[in-house]
Structure formats: C-alpha cells, structure tokens
>>> print(open('target_30.cif').read())   # mmCIF, C-alpha atoms
data_upload
#
loop_
_atom_site.label_atom_id
_atom_site.label_comp_id
_atom_site.auth_asym_id
_atom_site.auth_seq_id
_atom_site.Cartn_x
_atom_site.Cartn_y
_atom_site.Cartn_z
CA MET A 856 0.00 0.00 0.00
CA LYS A 857 1.36 3.41 -0.96
CA SER A 858 2.24 5.61 2.01
CA ASP A 859 1.12 9.19 2.50
CA ALA A 860 4.74 10.29 2.17
CA ALA A 861 4.75 9.32 -1.53
CA ASP A 862 2.18 12.01 -2.28
CA ARG A 863 3.95 14.79 -0.38
CA PRO A 864 5.93 17.49 -2.23
CA SER A 865 9.70 17.36 -1.93
CA GLY A 866 12.40 19.94 -2.15
CA PRO A 867 13.55 22.94 -0.09
CA GLY A 868 10.97 24.13 2.41
CA SER A 869 8.72 21.08 2.03
CA PHE A 870 7.17 19.45 5.13
CA THR A 871 8.73 16.07 5.94
CA GLY A 872 7.35 15.38 9.43
CA PRO A 873 4.32 13.27 10.34
CA LEU A 874 0.97 14.43 9.04
CA PRO A 875 -1.03 16.36 11.66
CA GLU A 876 -3.93 14.50 13.26
CA TYR A 877 -7.29 15.60 11.91
CA ARG A 878 -10.06 16.21 14.42
CA SER A 879 -13.52 17.52 13.71
CA PRO A 880 -14.90 20.52 15.64
CA ALA A 881 -17.08 18.13 17.68
CA GLN A 882 -14.04 16.08 18.70
CA ASP A 883 -12.07 19.22 19.59
CA ALA A 884 -14.94 20.44 21.74
CA TRP A 885 -15.18 17.09 23.54
CA LEU A 886 -11.45 17.03 24.29
CA ALA A 887 -11.46 20.66 25.43
CA GLU A 888 -14.32 20.01 27.86
CA ARG A 889 -12.65 16.86 29.23
CA ARG A 890 -9.39 18.73 29.86
CA ARG A 891 -11.25 21.67 31.42
CA VAL A 892 -13.01 19.38 33.92
CA ARG A 893 -9.78 17.55 34.80
CA ALA A 894 -7.95 20.85 35.31
CA GLN A 895 -10.81 22.06 37.51
CA GLU A 896 -10.55 18.92 39.64
CA ARG A 897 -6.80 19.35 40.01
CA GLY A 898 -7.42 22.90 41.18
CA ARG A 899 -9.96 21.71 43.70
CA ARG A 900 -7.43 19.30 45.14
CA LEU A 901 -4.96 22.15 45.62
CA ARG A 902 -7.68 24.06 47.46
CA ARG A 903 -9.04 21.12 49.41
CA GLY A 904 -8.01 22.61 52.78
CA VAL A 905 -10.54 25.42 52.26
CA GLY A 906 -13.13 23.08 50.77
CA ILE A 907 -13.01 20.57 53.59
CA GLY A 908 -13.45 23.37 56.12
CA ALA A 909 -16.64 24.34 54.29
CA VAL A 910 -17.84 20.75 54.63
CA VAL A 911 -17.60 20.88 58.40
CA VAL A 912 -19.25 24.27 58.72
CA ALA A 913 -22.08 23.66 56.27
CA GLY A 914 -22.48 19.92 56.80
CA ALA A 915 -22.51 19.56 53.03
CA VAL A 916 -20.42 17.75 50.44
CA VAL A 917 -17.32 19.24 48.85
CA LEU A 918 -14.88 17.52 46.52
CA GLY A 919 -17.10 14.47 46.39
CA VAL A 920 -16.23 13.48 49.94
CA ALA A 921 -19.53 12.73 51.61
CA LEU A 922 -19.71 13.82 55.23
CA TRP A 923 -23.05 13.14 56.91
CA PRO A 924 -24.56 16.11 58.81
CA ALA A 925 -25.40 15.89 62.48
CA GLU A 926 -28.83 14.67 63.49
CA GLY A 927 -31.47 17.32 62.98
CA GLY A 928 -29.44 19.12 60.31
CA ASP A 929 -31.27 20.46 57.28
CA SER A 930 -28.45 20.41 54.74
CA LYS A 931 -29.37 19.23 51.28
CA ALA A 932 -27.70 16.71 49.04
CA ALA A 933 -25.38 18.03 46.36
CA PRO A 934 -26.55 17.09 42.87
CA PRO A 935 -24.35 14.75 40.86
CA GLY A 936 -21.80 16.61 38.76
CA PRO A 937 -20.07 15.90 35.46
CA ALA A 938 -17.52 13.18 34.89
CA HIS A 939 -14.33 13.65 36.95
CA SER A 940 -16.17 15.72 39.55
CA ARG A 941 -16.63 14.65 43.15
CA SER A 942 -20.02 15.04 44.74
CA GLY A 943 -22.23 13.20 47.18
CA SER A 944 -25.36 13.33 49.27
CA ALA A 945 -26.71 13.09 52.77
CA ALA A 946 -27.23 9.54 54.00
CA PRO A 947 -30.49 7.88 54.99
CA ALA A 948 -30.99 6.65 58.51
CA PRO A 949 -28.98 3.50 59.25
CA PRO A 950 -31.07 0.31 58.92
CA SER A 951 -31.84 -1.69 62.02
CA ALA A 952 -30.39 -4.80 60.34
CA PRO A 953 -27.93 -5.28 57.47
CA PRO A 954 -29.74 -5.52 54.10
CA ASP A 955 -29.85 -8.88 52.39
CA PRO A 956 -27.09 -8.87 49.73
CA ASN A 957 -29.12 -11.30 47.60
CA ARG A 958 -32.30 -9.23 47.54
CA THR A 959 -33.89 -8.25 44.24
CA VAL A 960 -33.77 -4.52 43.65
CA THR A 961 -35.10 -2.06 41.09
CA VAL A 962 -33.22 1.15 40.36
CA PRO A 963 -34.22 4.09 38.16
CA PRO A 964 -32.56 4.30 34.74
CA LEU A 965 -29.56 6.59 34.54
CA HIS A 966 -28.91 8.11 31.13
CA VAL A 967 -25.41 9.31 30.23
CA ALA A 968 -24.66 11.48 27.20
CA THR A 969 -21.94 10.30 24.83
CA PRO A 970 -19.86 12.38 22.38
CA ALA A 971 -21.26 12.59 18.87
CA GLU A 972 -17.83 11.62 17.51
CA THR A 973 -15.11 9.69 19.33
CA PRO A 974 -11.86 11.70 19.45
CA PRO A 975 -8.80 9.84 18.14
CA ALA A 976 -7.08 10.15 21.52
CA LEU A 977 -9.96 8.31 23.21
CA THR A 978 -10.03 5.67 20.47
CA GLU A 979 -6.33 5.04 21.05
CA ALA A 980 -6.76 4.85 24.83
CA LEU A 981 -9.58 2.33 24.48
CA ARG A 982 -7.29 0.04 22.48
CA ARG A 983 -5.15 -0.46 25.55
CA PRO A 984 -5.68 -3.46 27.86
CA HIS A 985 -7.85 -3.00 30.92
CA VAL A 986 -6.10 -1.80 34.03
CA ASP A 987 -5.43 -4.60 36.51
CA MET A 988 -4.78 -4.74 40.23
CA GLN A 989 -1.01 -4.47 39.87
CA HIS A 990 -1.26 -1.22 37.92
CA SER A 991 -4.06 0.25 40.04
CA TYR A 992 -2.25 -0.33 43.34
CA PRO A 993 1.44 -0.59 42.44
CA ASN A 994 2.87 0.34 45.84
CA GLU A 995 2.45 -1.46 49.14
CA LEU A 996 3.41 1.73 51.00
CA VAL A 997 1.70 4.97 49.99
CA ARG A 998 2.89 8.28 51.41
CA THR A 999 0.55 11.25 51.26
CA GLU A 1000 0.79 14.70 52.78
CA HIS A 1001 -1.03 13.67 55.94
CA ALA A 1002 -0.18 10.01 56.53
CA THR A 1003 1.60 6.90 55.30
CA TYR A 1004 -0.53 3.88 54.43
CA ARG A 1005 0.21 0.21 54.03
CA ARG A 1006 -1.80 -1.93 51.65
CA VAL A 1007 -2.94 -4.81 53.83
CA ASP A 1008 -5.38 -6.59 51.52
CA GLN A 1009 -6.41 -6.66 47.86
CA GLN A 1010 -8.51 -8.65 45.42
CA ASN A 1011 -9.22 -8.76 41.69
CA TYR A 1012 -12.32 -10.39 40.16
CA GLY A 1013 -14.38 -10.42 37.00
CA ALA A 1014 -17.64 -8.47 37.26
CA ARG A 1015 -19.56 -9.38 34.12
CA THR A 1016 -22.50 -11.22 35.70
CA PRO A 1017 -24.82 -10.43 38.63
CA LEU A 1018 -23.45 -13.49 40.44
CA GLU A 1019 -19.86 -12.27 40.11
CA ARG A 1020 -20.84 -8.76 41.21
CA SER A 1021 -22.84 -10.02 44.22
CA VAL A 1022 -19.67 -10.31 46.33
CA LEU A 1023 -18.15 -7.08 45.01
CA MET A 1024 -20.85 -4.39 45.21
CA THR A 1025 -24.33 -3.70 46.54
CA PRO A 1026 -27.26 -5.10 44.55
CA GLU A 1027 -28.31 -1.54 43.70
CA LEU A 1028 -24.92 -0.72 42.20
CA SER A 1029 -24.93 -4.03 40.32
CA ALA A 1030 -28.32 -3.07 38.85
CA VAL A 1031 -26.90 0.26 37.70
CA VAL A 1032 -23.96 -1.57 36.11
CA ALA A 1033 -26.41 -3.84 34.28
CA GLN A 1034 -27.97 -0.81 32.56
CA GLY A 1035 -24.87 -0.38 30.41
CA GLY A 1036 -22.34 -2.44 28.51
CA PRO A 1037 -19.97 -5.08 29.88
CA CYS A 1038 -18.29 -4.46 33.24
CA ASP A 1039 -15.05 -6.38 32.91
CA LEU A 1040 -13.49 -6.43 36.35
CA GLN A 1041 -13.26 -4.89 39.79
CA SER A 1042 -10.17 -4.65 41.94
CA ASP A 1043 -10.15 -3.53 45.57
CA ALA A 1044 -7.39 -2.60 47.97
CA LEU A 1045 -7.55 -1.89 51.70
CA TYR A 1046 -5.08 0.58 53.21
CA ILE A 1047 -4.44 1.27 56.89
CA ASP A 1048 -2.23 4.11 58.05
CA THR A 1049 0.93 3.21 59.93
CA ALA A 1050 -0.50 4.70 63.12
CA GLY A 1051 -3.49 2.36 62.88
CA THR A 1052 -6.02 5.18 63.15
CA ALA A 1053 -7.63 5.21 59.67
CA GLN A 1054 -8.62 2.60 57.11
CA ILE A 1055 -9.53 3.32 53.49
CA GLN A 1056 -10.78 0.89 50.86
CA VAL A 1057 -10.33 1.88 47.23
CA SER A 1058 -12.17 0.08 44.41
CA VAL A 1059 -11.49 0.34 40.67
CA ILE A 1060 -14.35 -0.84 38.42
CA THR A 1061 -13.47 -1.05 34.73
CA PHE A 1062 -15.83 -1.07 31.74
CA GLU A 1063 -15.70 -1.55 28.01
CA ARG A 1064 -17.32 1.86 27.45
CA PRO A 1065 -16.36 5.12 29.20
CA GLU A 1066 -20.00 6.22 29.54
CA ASP A 1067 -20.77 3.23 31.78
CA ALA A 1068 -18.09 4.34 34.24
CA VAL A 1069 -19.72 7.78 34.33
CA ARG A 1070 -23.12 6.19 35.02
CA VAL A 1071 -21.76 4.37 38.08
CA ARG A 1072 -20.01 7.49 39.34
CA GLU A 1073 -23.24 9.45 39.11
CA ALA A 1074 -25.10 6.82 41.12
CA ALA A 1075 -22.36 6.59 43.76
CA ALA A 1076 -22.20 10.36 44.07
CA THR A 1077 -25.95 10.56 44.64
CA ASP A 1078 -26.14 7.94 47.40
CA PRO A 1079 -22.85 6.25 48.37
CA LEU A 1080 -24.49 4.12 51.05
CA THR A 1081 -26.73 2.47 48.46
CA TYR A 1082 -24.49 2.44 45.38
CA TRP A 1083 -21.07 1.33 46.56
CA ALA A 1084 -18.47 -1.42 46.60
CA LEU A 1085 -18.67 -4.02 49.38
CA PRO A 1086 -15.84 -4.49 51.89
CA ILE A 1087 -13.23 -7.06 50.92
CA PRO A 1088 -14.53 -10.41 52.25
CA SER A 1089 -11.47 -11.01 54.44
CA GLY A 1090 -13.16 -8.87 57.09
CA ARG A 1091 -10.10 -6.73 57.81
CA MET A 1092 -12.13 -3.54 57.40
CA THR A 1093 -13.98 -2.67 60.59
CA ASP A 1094 -17.75 -2.89 60.21
CA VAL A 1095 -18.99 0.54 61.28
CA ARG A 1096 -22.81 0.70 61.08
CA ASP A 1097 -23.25 4.45 61.62
CA PRO A 1098 -23.35 6.03 58.13
CA ARG A 1099 -21.94 9.26 59.54
CA ALA A 1100 -18.73 7.40 60.37
CA SER A 1101 -17.63 7.09 56.72
CA ALA A 1102 -16.22 9.48 54.14
CA HIS A 1103 -16.80 8.63 50.47
CA ALA A 1104 -15.14 9.91 47.31
CA GLN A 1105 -15.42 8.92 43.66
CA VAL A 1106 -13.96 9.84 40.26
CA THR A 1107 -13.88 8.49 36.70
CA THR A 1108 -10.81 8.00 34.53
CA VAL A 1109 -10.85 6.87 30.90
CA ARG A 1110 -12.97 3.71 31.27
CA SER A 1111 -12.93 3.12 35.04
CA VAL A 1112 -14.68 4.51 38.08
CA ILE A 1113 -12.75 4.70 41.35
CA LEU A 1114 -14.57 4.59 44.69
CA ALA A 1115 -12.91 5.31 48.03
CA LYS A 1116 -14.40 4.84 51.50
CA GLY A 1117 -12.60 5.98 54.65
CA GLN A 1118 -13.28 5.24 58.32
CA TRP A 1119 -11.57 5.91 61.62
CA THR A 1120 -10.65 2.59 63.18
CA ASP A 1121 -12.16 3.61 66.52
CA GLY A 1122 -15.59 4.20 64.91
CA GLN A 1123 -15.63 7.96 65.39
CA ARG A 1124 -17.67 10.07 63.01
CA ALA A 1125 -16.12 11.26 59.78
CA ASP A 1126 -14.58 14.70 59.95
CA ALA A 1127 -12.47 17.04 57.82
CA ALA A 1128 -9.29 15.10 58.52
CA LEU A 1129 -10.79 11.80 57.37
CA ALA A 1130 -12.27 13.45 54.28
CA THR A 1131 -8.87 14.87 53.38
CA ARG A 1132 -7.19 11.49 53.83
CA THR A 1133 -9.80 9.72 51.72
CA GLU A 1134 -9.44 12.27 48.94
CA ALA A 1135 -5.63 12.01 49.00
CA LEU A 1136 -5.63 8.23 48.64
CA LEU A 1137 -8.25 8.45 45.89
CA THR A 1138 -5.97 10.87 44.05
CA HIS A 1139 -3.02 8.49 44.38
CA VAL A 1140 -4.96 5.63 42.80
CA GLU A 1141 -6.49 7.92 40.17
CA ASP A 1142 -3.01 8.98 39.04
CA ALA A 1143 -1.91 5.34 38.78
CA VAL A 1144 -4.98 4.30 36.78
CA MET A 1145 -4.80 7.32 34.45
CA GLY A 1146 -1.10 6.67 33.91
CA PHE A 1147 -1.97 3.21 32.62
CA GLU A 1148 -5.16 4.01 30.70
CA ASP A 1149 -3.82 7.20 29.08
CA PRO A 1150 0.02 7.06 29.21
CA SER A 1151 0.33 9.87 26.66
CA GLY A 1152 -1.72 12.25 28.80
CA SER A 1153 -3.87 13.21 25.82
CA LEU A 1154 -7.21 13.04 27.66
#
>>> encode(input="target_30.cif", output="structure tokens")
Amino acid sequence: MKSDAADRPSGPGSFTGPLPEYRSPAQDAWLAERRRVRAQERGRRLRRGVGIGAVVVAGAVVLGVALWPAEGGDSKAAPPGPAHSRSGSAAPAPPSAPPDPNRTVTVPPLHVATPAETPPALTEALRRPHVDMQHSYPNELVRTEHATYRRVDQQNYGARTPLERSVLMTPELSAVVAQGGPCDLQSDALYIDTAGTAQIQVSVITFERPEDAVRVREAAATDPLTYWALPIPSGRMTDVRDPRASAHAQVTTVRSVILAKGQWTDGQRADAALATRTEALLTHVEDAVMGFEDPSGSL
C-alpha cells in the first residue's frame, strides 16, 4: 500500500514530518471540555483545605467526599456533577439490620450522554488493555501529605455477571452496572495508616465503554451508602454501622470509576481530617490508573 509520504511534495521548504492528526470541531470540543473538567478537579485538590473546612461548617459535600450532617441538620444533598467531579449526598438513617445482599432490587434508569464523535485520543486509549490490580495499586506503601498507608489486603475479580458482582458491590450498584455495557473487572485494595487510626478501601471498576463508568459514578455520588463497593470479604475492614462514620469519594478515569471509602478505626464520626485522607488516597490511585489508561496524557 502506498504511504502518505509518496504524495507529499519534496524539495527545499517542504514538510517532511508526520501528518497532523485531523479532528472535527465536535471532537475538539469534547477534548477541550474533558481537559477543562480535569484541570478544575486538580485545582480543587490544591484548594481542598478550604473546601473541607466548608464541609464541616455547612455539613454539606465538597470535593465528592460525603460527610453526613449531624442529626437534625437540614443540609441538602449536592446534585451529581459531570464526569471527573466529586459530589455526594446526605445519607439515609442507618437500617436496624444489614440488608440482604441477595435481595432483588429495582433502580431508576440513569442516562449518560456520549460524544457525537469519538476523538482519536480516546479511540487510542480504548485500544489499551484493561487496568489490573497491579497497575491500580502498584505500591504497598503509599505516602501522602497527611499520613503513610500500608496496603494490607487486595482482590481482583471479574464483574460481568450479577453473580460475580454479588460479592463485590451492593445489589443496587450491580443493577446500575447492568444498565450499560460489559463491566469487565473490579479490583479492591484496603489501606491502613501506619498509626493504625484510619482505614480506606479503594475500588477500581473497569468497563468496556467510558460512559458506563460515568453512570456508576453518578449513582455513587448521589447515594454512596446504596451504590457502593462491598468491603473485601477477608473482614479486615472494621464494620462501622453508623453512616456518619464514613467518608466517600469517587472519580472516573478513561474507562474506570474509582470509589474510596474511609473510616476511623475507633468508629468515630467522619470529619475534615478523614475526608482529606480519603481524597488524598483516591488521588493516588487515580493517578496510577490514568497513567496506565492514558500514558500519553492526551485526555
């Protein structure tokens, strides 16, 4: 097959480099919006000290870290935001008994918009293999600004069928997953800080289609107690029944959604410090997953 170079002019001043990549206006607009949202999220992380303070004062949700208001509070749930944003909602009252994980549930349909044309950078990223546990959680020790964590447990399973998902996520989240295309796998890792005061489980759920990851993030942001990953079955994560004792955060990458849940090991209620720690560990895993799914940094 004749190459493009054979049709190019030659001689002094002629262009000999690779042909520029063509993108339609719709593809350019999609990429520009994706980069704008990611840059906005990076800026929020830099300002998270101010944002977390607002969470405590207002009893609301900032940066997607869900902190439950005190009893009698009248704060409202933050609406779900766009992909790569972090939002959440107030929690319902804790049930008197744990829900049956095998119960049949019905969830409302969640519709996610897709780009009219797939940008070449996204097409290239989707050709890559799915991120696995080793690339999602490459380091046993993770050092953040506020603490050092040790990965004490991890698991990696397929998540294509309701039976496979029944040990990985709540039935409600599994039902949301079933609304879209194939969900290939879920990997989970449990981290405990070296002081033994905080524990954070991070879950990476990977899909064939990017829009299905966004759908799960929207559901988790709306109600993280209902739409969330289950604790790793080893039982190393303390079972804290009070919903106000947990901080939740979530974000999407190229084709994965990352969920993080933090708790104090002594069962105390979630506060600004726990929210900050949960967000920091989420960011660490997000960077690892994005580095694998989009190594060129084009998205």
>>> residues_near_point(input="target_30.cif", point="(-21.6, 2.6, 39.8)", cutoff="10 Å", atoms="all atoms listed in the file", output="NGL selection string")
:A and (1024-1025 or 1027-1033 or 1060 or 1067-1076 or 1079 or 1082-1084 or 1105 or 1111-1114)
>>> atom_distance(input="target_30.cif", atom1="CA of Val1140 in chain A", atom2="CA of Pro993 in chain A")
8.9 Å
>>> resolve_selection(input="target_30.cif", expression="the PyMOL selection byres ((chain A and resi 1017) around 9)", output="ChimeraX atom specification")
/A:1014-1016,1018-1021,1026,1029-1030,1033
>>> resolve_selection(input="target_30.cif", expression="the PyMOL selection byres ((chain A and resi 1121) around 10)", output="ChimeraX atom specification")
/A:1051-1053,1093,1095,1100,1118-1120,1122-1124
>>> resolve_selection(input="target_30.cif", expression="the PyMOL selection byres ((chain A and resi 974-980) around 6)", output="list in words")
Gln882, Thr973, Leu981, Arg982, Arg983 and Asp1149 of chain A
>>> atom_distance(input="target_30.cif", atom1="CA of Ile1055 in chain A", atom2="CA of Gly1036 in chain A")
28.7 Å
>>> atom_distance(input="target_30.cif", atom1="CA of Gly1152 in chain A", atom2="CA of Ala1002 in chain A")
27.9 Å
>>> residues_around(input="target_30.cif", residues="Lys1116 in chain A", least_positions_apart="6", cutoff="6 Å", atoms="all atoms listed in the file", output="compact mmCIF listing (two decimals) with C-alpha atoms, keeping the file's coordinate frame")
# COMPACT_ATOMS: atom_id res chain seq x y z
CA ILE A 1055 -9.53 3.32 53.49
CA GLN A 1056 -10.78 0.89 50.86
CA ALA A 1102 -16.22 9.48 54.14
CA HIS A 1103 -16.80 8.63 50.47
>>> residues_around(input="target_30.cif", residues="Val1109 in chain A", least_positions_apart="2", cutoff="7 Å", atoms="only C-alpha atoms", output="PyMOL selection string")
chain A and resi 1065+1107+1111+1148
>>> closest_residue(input="target_30.cif", among="A:Gly1117, A:Pro964, A:Pro984, A:Pro1150", to="Gln1054 in chain A", atoms="only C-alpha atoms")
A:Gly1117
>>> closest_residue(input="target_30.cif", among="A:Val1057, A:Leu1137, A:Leu965, A:Val997", to="Gln1009 in chain A", atoms="all atoms listed in the file")
A:Val1057
>>> residues_around(input="target_30.cif", residues="range 1142-1144 of chain A", least_positions_apart="3", cutoff="8 Å", atoms="all atoms listed in the file", output="PyMOL selection string")
chain A and resi 986+990-993+1108+1138-1139+1147-1148
>>> closest_residue(input="target_30.cif", among="A:Leu1040, A:Val1106, A:Leu1085, A:Ala1128", to="Met1145 in chain A", atoms="only C-alpha atoms")
A:Val1106
>>> axis_aligned_box(input="target_30.cif", around="range 1002-1013 of chain A", padding_each_side="5 Å", output="lines of an AutoDock Vina configuration file")
center_x = -6.4
center_y = -0.2
center_z = 46.8
size_x = 26.0
size_y = 30.4
size_z = 29.5
>>> closest_residue(input="target_30.cif", among="A:Asp987, A:Glu1000, A:Glu995, A:Asp1097", to="Thr1131 in chain A", atoms="only C-alpha atoms")
A:Glu1000
>>> residues_near_point(input="target_30.cif", point="(-22.0, 6.0, 23.0)", cutoff="10 Å", atoms="all atoms listed in the file", output="list in words")
Val967, Ala968, Thr969, Pro970, Ala971, Glu972, Thr973, Arg1064, Pro1065, Glu1066 and Asp1067 of chain A
>>> closest_residue(input="target_30.cif", among="A:Leu1136, A:Leu1154, A:Val960, A:Thr1061", to="Thr1081 in chain A", atoms="all atoms listed in the file")
A:Val960
